[in-house]
Amino acid sequence: MNDRNRPGAEPDDSGVSRRDFLRISGITAALPLVAGPKVVLAAGQEIPVHGPGKVAMEFSINGKTFKAQLEPRVTLLDALRDQFEITGAKRVCDRGECGACTVLLDNKPIYACSVLAIEAQKKPILTVESLMAEGKLHPVQQAFVENDASQCGFCTPGFVVACKSFLDRNPNPTAEDIRRGLSGNLCRCGTYHGIQKALAQAAQKGA
Amino acid sequence: MPDYAWPPAEQRRLLGKRIQRVDAPAKVSGEAKYTYDVHRPGMLYGKVLRCPHAAAKVVSVDISAAEKIPGVKAVHVVQGPGSTIHWEGDDVVAVAAVDESTAEDAIRAIKVKYQKLPHLVRDVEPPKGAVQQQGPLSLDDLDDMLDNQVPSREMVRQIQTNGITEKAEEDKLQELKADGADDEVLEAIRAAKVHPEASKRPKSNYQQAATQTLGDPDGALKNAEVVSEGLYGVPVITHCCLESHGSISEWTDREHLLTHISTQNVSGIPGQMAEPLEMPATNIRVHQDHIGGGFGSKFAPDRWGIFTAQISRKAGGKPVRIMLERDAELKVAGARPSAYARVKVGARKDGTLTAWQSQSWGTGGPGGGGMPPIPYVFNVPNQRKEHVAIANNIGPARAWRAPNHPQAAVLAMCALDDLAAKLNMDPVEFFGKNLELTKPRQDIYREELGIAADLMGWKQKWHPRTDVRGVAVRGVGLSLHTWGGRGHNSDCDLTIHPEGSVELKMGSQDLGTGTRTCILMVAADTLGIPMDAIQLMIGDTSYPPSGGSGGSTTIGGVTSSTRRAAVDARDALFARVAPALNAHPGDLECVEGTVRVKGDPSRSLSWKQACSKLGAMPLTVRGKNPDKSKPPDLSNSGVGGVQMAEVEVDTETGIVKVKKMVAVQDCGLVVDLTTAESQCYGALIMGISYSLFEEKIMDAASGRMLNADMSLYRLAGLSDIPELVVHMMTGKGYDERGVIGLGEPPVISPGAAISNAVANAIGVRVPYLPLTPDRVLAALDQKGAA
């Protein structure tokens with residue numbers, strides 16, 4: 001896939017490299033299994049280690065604060081859906097392949113299935129539910145409605161968020177920009193034709 | 001007798017127009033709730049331990065460690081020691097726990113020992129020798145057929161034709177009944193000839209499933225002036241519904257079950273759950289607001305739907321959710337049978353088709369698989385057809401949009417296209433010349449072929465196959481298709497309240513095809529009120545039963561019963577209103593939110609005023625479709641469609657790009673032009689996906705699926721979509737046939753049209769879909785070597 005706007009393409013800023021993580025894993029295996037953050041020395045740095053038990057977490061989702069006790073292995077998607085019952089983002093592939101769980105983290109589109117909840121703390125999270133204002137659909141949503149860009153609708157929330165974010169970054173996209181920019185989301189019913197038209201219309205209206 | 005007929009064109013306010021999908025705002029805002037989104041208080045999360053082998057016997061199951069994990073509420077052995085597993089990923093043990101992670105831990109703590117058995121997952125080679133004439137069926141065979149959802153009509157046919165190996169005692173018959181055998185099947189077993197000697201016969205994977213001869217194929221082929229022979233095929237593909245299969249079940253009291261399930265068949269689910277759960281269907285309530293894709297794979301509660309309810313009972317009735325993981329969804333929750341064939345076709349020099357001969361084979365998993373309806377659309381006068389069903393361990397098949405037709409289109413339309421190439425004829429001319437063989441739809445196809453050719457710019461784009469130059473080469477191809485699609489039984493209750501509000505209840509479901517929108521259009525058009533003045537309730541077994549959404553039967557079913565209910569309710573209202581308008585009920589009409597005297601708009605009541613004449617009680621009427629034995633009136637069966645594809649092939653890399661597709665489609669009377677067109681756009685896109693990318697790739701050595709995720713089981717993405725042109729046939733010759741289903745037809749032809757376009761582009765046939773670069777390069781190599 002050739003997709004410069006693919007959500008999650010940039011590494012997450014957790015401060016822990018993959019190599020560090022492997023070392024930490026080695027250390028934690030020797031630690032007693034108790035909950036709560038610990039501090040270990042890894043690669044010359046003090047790194048807090050959470051879990052494997054439940055950890056208190058706090059999130060900013062759609063402008064509101066949400067708190068929960070979650071295991072560090074819980075993904076942001078599962079936290080949203082199962083803990084907070086914010087179900088617009090859908091669980092489809094659960095491994096960063098289809099885009100149905102696309103949400104904005106720190107205003108960047110990401111696959112919520114591929115980000116740990118614990119790492120999504122302290123950053124604003126926006127889901128599809130945040131896009132309506134005062135009971136009115138966002139212009140991208142309105143364009144989806146007018147161009148019949150949904151069928152079963154299961155991929156639609158992810159597409160809507162990805163499209164909104166795409167237009168924020170590419171206000172005047174060409175048809176080719178649209179084809180490439182939205183290829184990180186998949187649909188089974190075949191609504192791409194409507195989505196292309198919706199995006200073009202929303203762009204023209206300056207969404 | 002009430003006049004239910006669809007109103008004449010000039011009186012249709014909504015019917016046939018472009019109307020926005022009514023549930024689109026809920027879908028784009030994330031408010032639409034799917035089964036996967038249902039979150040019940042105290043809900044437990046279920047996970048399933050799946051067999052890693054394609055064929056195995058379960059030797060032992062140890063769940064003791066899993067049961068001890070804190071948070072695990074129930075462990076349920078689905079297939080215990082002694083069970084035989086027929087495909088990778090089949091369920092063995094299910095658990096329910098307070099959260100998903102704990103359920104996953106429990107699964108990892110279960111120890112299962114298997115005895116591996118020999119397996120077969122390949123289906124692409126023609127069977128060599130060893131094809132077994134289908135013999136008498138054992139009771140195990142019948143059990144397997146039920147497990148594999150072989151339709152009862154087909155079971156009865158096989159039992160009557162082949163007999164059985166042992167007499168079935170009444171208790172065994174009851175077991176078969178519990179496994180899903182209906183009365184016709186049981187009767188056939190009771191009446192079947194018994195051949196005890198046949199039980200000793202070892203069973204081959206290759207069964208002769210059909211041998212049919214029509215006319216004199218040998219003579220016709222001998223006398224044919226041009227004969228073309230080729231190899232064609234379509235592999236097993238999956239449904240890959242984005243919302244996986246699954247349900248949430250809970251016991252609202254000791255005797256009552258509430259199930260939220262992702263299904264195409266809301267009204268039909270309780271009847272299928274009742275026997276395995278040993279409870280009356282009346283005590284099972286099923287609910288679903290939205291479904292994230294079904295495509296033919298979601299008609300049954302499935303074994304996992306049954307054990308979700310059983311685990312809930314074990315866990316004290318708490319809600320238990322089991323939604324399949326993506327890999328399980330691709331491995332066990334549905335696949336389209338494969339079909340391959342060596343086809344020989346003959347014609348006169350002028351292009352008149354005279355002969356068809358095919359040896360076909362394919363698999364639908366353990367159940368084998370039937371012969372696609374070949375030769376497709378064109379009823380060639382002389383035919384010989386032989387089909388071998390391969391029973392193997394690739395996993396169970398399910399209905400996939402237009403069952404057997406996309407396969408038939410590839411086998412037949414590609415063979416005919418190769419014959420046209422050999423005749424050096426333009427396929428539009430060749431197919432056009434033989435349209436008499438498509439009776440009774442020859443006029444529809446003729447009109448559609450002309451429109452499609454214009455929309456494609458066929459004349460400018462088609463070239464003989466010999467005329468191929470350069471690296472990036474282009475070509476065009478076409479295909480024809482047909483489908484039935486008469487409306488199913490679909491009851492509904494329409495209520496008009498004395499203060500003017502209207503509600504309509506129906507146990508149907510909207511798969512994303514626009515069912516809600518179309519029901520509301522019909523009711524609103526009939527009552528002369530806005531669509532949003534009617535509250536529509538679907539997706540619950542407390543509403544009148546409506547058929548499963550399969551075989552393109554929904555639109556004809558729901559619009560027909562809605563029209564009947566709305567006409568009856570309107571007429572009942574007229575009877576109550578007539579005295580106030582000093583008119584005869586038959587002289588009244590519902591227009592623009594009023595009830596008025598025809599031809600005298602001054603004698604008029606607002607809708608609200610008119611409804612107040614009902615008195616204190618609301619008026620409810622039941623809409624019901626006529627029995628299937630009666631000729632159809634509002635709905636009908638039988639459509640024709642033509643599709644054309646233009647492709648560009650890179651002859652150095654083998655990459656195929658679809659550049660343009662045209663779909664010209666008939667479906668009788670179009671209800672909502674917007675959602676009808678969307679069905680066609682979607683079908684073209686799904687067709688591009690299965691033509692270029694989709695295949696359930698199996699490892700012959702391990703018997704496992706190699707691409708059970710969404711990066712390796714590739715679906716077409718937005719960047720794969722070319723210019724798409726959809727033209728719906730409407731007006732005279734179409735509208736008066738009534739409403740006919742559209743879900744299946746447009747998804748049938750893309751495979752054949754795209755394959756034919758590639759053959760036109762590169763000058764040689766790529767035998768099998770999907771048209772991947774390696775297959776294209778192999779075909780080019782072979783052409784170079786020839």
# chains A, B, ... in the order shown; residues from 1 in each chain; ligands from 1
>>> interface_residues(of="chain B", to="chain A", cutoff="8 Å", atoms="only C-alpha atoms", output="compact mmCIF listing (two decimals) with C-alpha atoms, in the first residue's frame")
# COMPACT_ATOMS: atom_id res chain seq x y z
CA GLN B 20 -31.37 9.43 0.56
CA ARG B 21 -30.72 6.43 2.76
CA ALA B 24 -27.16 7.21 6.80
CA PRO B 25 -27.01 9.94 9.50
CA LYS B 27 -24.14 5.43 10.35
CA VAL B 28 -21.90 8.43 9.64
CA SER B 29 -22.19 9.73 13.20
CA GLY B 30 -21.28 6.46 14.90
CA GLU B 31 -24.70 6.29 16.54
CA LYS B 33 -25.51 0.24 17.02
CA ASP B 37 -21.41 -2.60 19.93
CA HIS B 39 -22.76 -3.71 25.89
CA SER B 101 -7.71 -10.67 28.51
CA CYS B 240 -14.90 -11.34 5.17
CA CYS B 241 -17.81 -9.47 6.74
CA LEU B 242 -16.34 -6.45 8.52
CA GLU B 243 -18.54 -7.15 11.50
CA SER B 244 -17.57 -10.68 12.35
CA HIS B 290 -27.67 -2.89 12.27
CA ILE B 291 -25.52 -5.57 10.70
CA GLY B 292 -21.96 -5.06 9.50
CA GLY B 293 -22.14 -7.24 6.40
CA GLU B 325 -11.73 -12.95 15.90
CA ARG B 326 -10.73 -11.89 12.39
CA LEU B 511 -28.14 -5.32 5.42
CA GLY B 512 -27.03 -1.97 4.13
CA THR B 513 -28.97 -2.47 0.93
CA GLY B 514 -31.45 0.28 1.84
CA THR B 674 -29.98 5.89 -5.13
CA THR B 675 -29.61 2.69 -3.14
CA SER B 678 -25.21 1.86 -4.82
CA TYR B 681 -21.38 0.27 -7.58
CA GLY B 682 -20.71 -1.89 -4.54
CA ALA B 683 -21.04 -5.11 -6.53
CA LEU B 684 -18.60 -3.87 -9.18
CA ILE B 685 -16.10 -3.03 -6.44
CA MET B 686 -16.59 -6.37 -4.69
CA ASP B 709 -5.86 -11.66 8.12
CA MET B 710 -6.72 -8.53 6.20
CA SER B 711 -3.30 -7.70 4.83
CA LEU B 715 -9.71 -6.59 -0.27
CA ALA B 716 -9.74 -3.93 -2.97
CA GLY B 717 -8.96 -0.51 -1.56
CA LEU B 718 -9.96 2.92 -2.72
CA SER B 719 -6.91 3.17 -4.97
CA ILE B 721 -11.29 1.61 -7.97
CA LEU B 724 -17.53 3.14 -12.64
>>> select_by_dssp(residues="stretch 573-756 of chain B", states="helix (DSSP H, G or I)", output="VMD selection string")
chain B and resid 573 to 581 585 to 587 607 to 612 673 to 692 718 to 720 735 to 737 745 to 747 750 to 756
>>> write_last_selection(atoms="N, CA and C atoms", output="short mmCIF file (atom, residue, chain, number, x, y, z; two decimals), in the first residue's frame")
data_model
loop_
_atom_site.label_atom_id
_atom_site.label_comp_id
_atom_site.auth_asym_id
_atom_site.auth_seq_id
_atom_site.Cartn_x
_atom_site.Cartn_y
_atom_site.Cartn_z
N LEU B 573 -59.09 3.80 6.52
CA LEU B 573 -59.18 5.20 6.94
C LEU B 573 -60.21 5.94 6.06
N PHE B 574 -60.17 5.69 4.77
CA PHE B 574 -61.15 6.32 3.85
C PHE B 574 -62.58 6.03 4.31
N ALA B 575 -62.81 4.77 4.72
CA ALA B 575 -64.17 4.39 5.13
C ALA B 575 -64.63 5.22 6.33
N ARG B 576 -63.68 5.55 7.24
CA ARG B 576 -64.05 6.32 8.42
C ARG B 576 -64.18 7.81 8.09
N VAL B 577 -63.45 8.25 7.09
CA VAL B 577 -63.38 9.69 6.79
C VAL B 577 -64.48 10.11 5.80
N ALA B 578 -64.90 9.15 4.97
CA ALA B 578 -65.82 9.48 3.86
C ALA B 578 -67.04 10.31 4.31
N PRO B 579 -67.73 9.90 5.41
CA PRO B 579 -68.93 10.67 5.79
C PRO B 579 -68.62 12.14 6.04
N ALA B 580 -67.46 12.41 6.67
CA ALA B 580 -67.12 13.80 6.99
C ALA B 580 -66.91 14.62 5.72
N LEU B 581 -66.50 13.96 4.66
CA LEU B 581 -66.27 14.67 3.39
C LEU B 581 -67.47 14.51 2.45
N PRO B 585 -66.07 6.27 -0.03
CA PRO B 585 -64.66 5.98 0.27
C PRO B 585 -63.81 5.79 -0.98
N GLY B 586 -64.42 5.20 -2.01
CA GLY B 586 -63.66 4.95 -3.24
C GLY B 586 -63.30 6.21 -4.01
N ASP B 587 -63.89 7.33 -3.63
CA ASP B 587 -63.59 8.58 -4.33
C ASP B 587 -62.50 9.40 -3.65
N TRP B 607 -54.14 15.32 7.15
CA TRP B 607 -53.91 13.94 7.60
C TRP B 607 -54.33 13.78 9.06
N LYS B 608 -53.97 14.76 9.89
CA LYS B 608 -54.28 14.71 11.32
C LYS B 608 -55.80 14.71 11.54
N GLN B 609 -56.48 15.62 10.85
CA GLN B 609 -57.95 15.68 10.98
C GLN B 609 -58.57 14.35 10.55
N ALA B 610 -58.06 13.82 9.45
CA ALA B 610 -58.63 12.57 8.94
C ALA B 610 -58.45 11.45 9.96
N CYS B 611 -57.24 11.36 10.55
CA CYS B 611 -56.96 10.28 11.50
C CYS B 611 -57.83 10.42 12.76
N SER B 612 -58.19 11.64 13.11
CA SER B 612 -59.01 11.83 14.31
C SER B 612 -60.37 11.15 14.15
N LEU B 673 -33.77 4.70 -6.51
CA LEU B 673 -32.72 4.71 -7.52
C LEU B 673 -31.34 4.89 -6.87
N THR B 674 -31.28 5.66 -5.79
CA THR B 674 -29.98 5.89 -5.13
C THR B 674 -29.40 4.60 -4.58
N THR B 675 -30.18 3.89 -3.76
CA THR B 675 -29.61 2.69 -3.14
C THR B 675 -29.49 1.56 -4.16
N ALA B 676 -30.33 1.58 -5.21
CA ALA B 676 -30.19 0.58 -6.28
C ALA B 676 -28.85 0.77 -6.99
N GLU B 677 -28.55 2.01 -7.34
CA GLU B 677 -27.26 2.27 -7.99
C GLU B 677 -26.10 1.90 -7.06
N SER B 678 -26.28 2.19 -5.77
CA SER B 678 -25.21 1.86 -4.82
C SER B 678 -24.96 0.36 -4.76
N GLN B 679 -26.03 -0.44 -4.87
CA GLN B 679 -25.86 -1.89 -4.93
C GLN B 679 -24.95 -2.25 -6.09
N CYS B 680 -25.17 -1.60 -7.24
CA CYS B 680 -24.37 -1.93 -8.42
C CYS B 680 -22.93 -1.45 -8.29
N TYR B 681 -22.75 -0.21 -7.80
CA TYR B 681 -21.38 0.27 -7.58
C TYR B 681 -20.65 -0.68 -6.63
N GLY B 682 -21.33 -1.01 -5.54
CA GLY B 682 -20.71 -1.89 -4.54
C GLY B 682 -20.37 -3.25 -5.12
N ALA B 683 -21.26 -3.79 -5.94
CA ALA B 683 -21.04 -5.11 -6.53
C ALA B 683 -19.86 -5.07 -7.49
N LEU B 684 -19.74 -3.99 -8.26
CA LEU B 684 -18.60 -3.87 -9.18
C LEU B 684 -17.30 -3.87 -8.38
N ILE B 685 -17.31 -3.14 -7.26
CA ILE B 685 -16.10 -3.03 -6.44
C ILE B 685 -15.77 -4.38 -5.79
N MET B 686 -16.80 -5.04 -5.26
CA MET B 686 -16.59 -6.37 -4.69
C MET B 686 -16.09 -7.32 -5.78
N GLY B 687 -16.59 -7.12 -6.99
CA GLY B 687 -16.19 -7.95 -8.13
C GLY B 687 -14.73 -7.71 -8.51
N ILE B 688 -14.31 -6.46 -8.49
CA ILE B 688 -12.90 -6.16 -8.77
C ILE B 688 -12.04 -6.84 -7.72
N SER B 689 -12.52 -6.82 -6.47
CA SER B 689 -11.78 -7.41 -5.35
C SER B 689 -11.58 -8.91 -5.57
N TYR B 690 -12.65 -9.63 -5.90
CA TYR B 690 -12.47 -11.09 -6.05
C TYR B 690 -11.81 -11.46 -7.37
N SER B 691 -11.87 -10.55 -8.35
CA SER B 691 -11.21 -10.84 -9.62
C SER B 691 -9.70 -10.70 -9.53
N LEU B 692 -9.25 -9.73 -8.74
CA LEU B 692 -7.82 -9.44 -8.72
C LEU B 692 -7.09 -9.95 -7.48
N LEU B 718 -9.47 1.79 -1.93
CA LEU B 718 -9.96 2.92 -2.72
C LEU B 718 -9.10 3.16 -3.96
N SER B 719 -7.80 2.89 -3.84
CA SER B 719 -6.91 3.17 -4.97
C SER B 719 -7.05 2.13 -6.09
N ASP B 720 -7.80 1.06 -5.85
CA ASP B 720 -8.01 0.05 -6.90
C ASP B 720 -9.26 0.32 -7.72
N ASP B 735 -40.62 -1.50 -15.51
CA ASP B 735 -41.45 -1.14 -14.36
C ASP B 735 -42.64 -2.09 -14.16
N GLU B 736 -43.31 -2.45 -15.24
CA GLU B 736 -44.57 -3.18 -15.08
C GLU B 736 -44.35 -4.62 -14.62
N ARG B 737 -43.08 -5.09 -14.60
CA ARG B 737 -42.83 -6.45 -14.11
C ARG B 737 -42.88 -6.52 -12.59
N PRO B 745 -27.57 -9.95 -8.50
CA PRO B 745 -27.22 -9.88 -9.93
C PRO B 745 -25.93 -9.14 -10.27
N PRO B 746 -25.73 -7.90 -9.78
CA PRO B 746 -24.57 -7.17 -10.31
C PRO B 746 -23.21 -7.70 -9.85
N VAL B 747 -23.20 -8.62 -8.87
CA VAL B 747 -21.90 -9.13 -8.40
C VAL B 747 -21.47 -10.36 -9.20
N PRO B 750 -18.59 -9.43 -12.81
CA PRO B 750 -17.26 -8.80 -12.85
C PRO B 750 -16.11 -9.76 -13.13
N GLY B 751 -16.12 -10.95 -12.52
CA GLY B 751 -15.01 -11.89 -12.70
C GLY B 751 -14.81 -12.23 -14.17
N ALA B 752 -15.91 -12.58 -14.84
CA ALA B 752 -15.82 -12.96 -16.24
C ALA B 752 -15.46 -11.76 -17.11
N ALA B 753 -16.08 -10.61 -16.84
CA ALA B 753 -15.83 -9.43 -17.68
C ALA B 753 -14.37 -9.00 -17.56
N ILE B 754 -13.82 -9.02 -16.33
CA ILE B 754 -12.44 -8.59 -16.14
C ILE B 754 -11.47 -9.62 -16.74
N SER B 755 -11.77 -10.90 -16.55
CA SER B 755 -10.91 -11.94 -17.14
C SER B 755 -10.90 -11.82 -18.67
N ASN B 756 -12.07 -11.57 -19.23
CA ASN B 756 -12.15 -11.42 -20.69
C ASN B 756 -11.39 -10.18 -21.16
#
>>> atom_distance(atom1="atom CA of A:Asn62", atom2="atom CA of A:Gly99")
19.2 Å
>>> select_by_dssp(residues="stretch 71-172 of chain A", states="strand (DSSP E or B)", output="MDAnalysis selection string")
chainID A and resid 75 102:105 108:111 116 124:126 133 136
>>> closest_residue(among="B:Ser262, B:Ser546, B:Asn379, B:Ser338", to="B:Ala391", atoms="only C-alpha atoms")
B:Ser338
>>> atom_distance(atom1="atom CA of B:Leu137", atom2="atom CA of B:Asp183")
17.9 Å
>>> residues_around(residues="A:Lys123", least_positions_apart="6", cutoff="10 Å", atoms="only C-alpha atoms", output="list of chain:residue names")
A:Glu58, A:Phe59, A:Ser60, A:Ile61, A:Leu104, A:Leu105, A:Asp106, A:Asn107
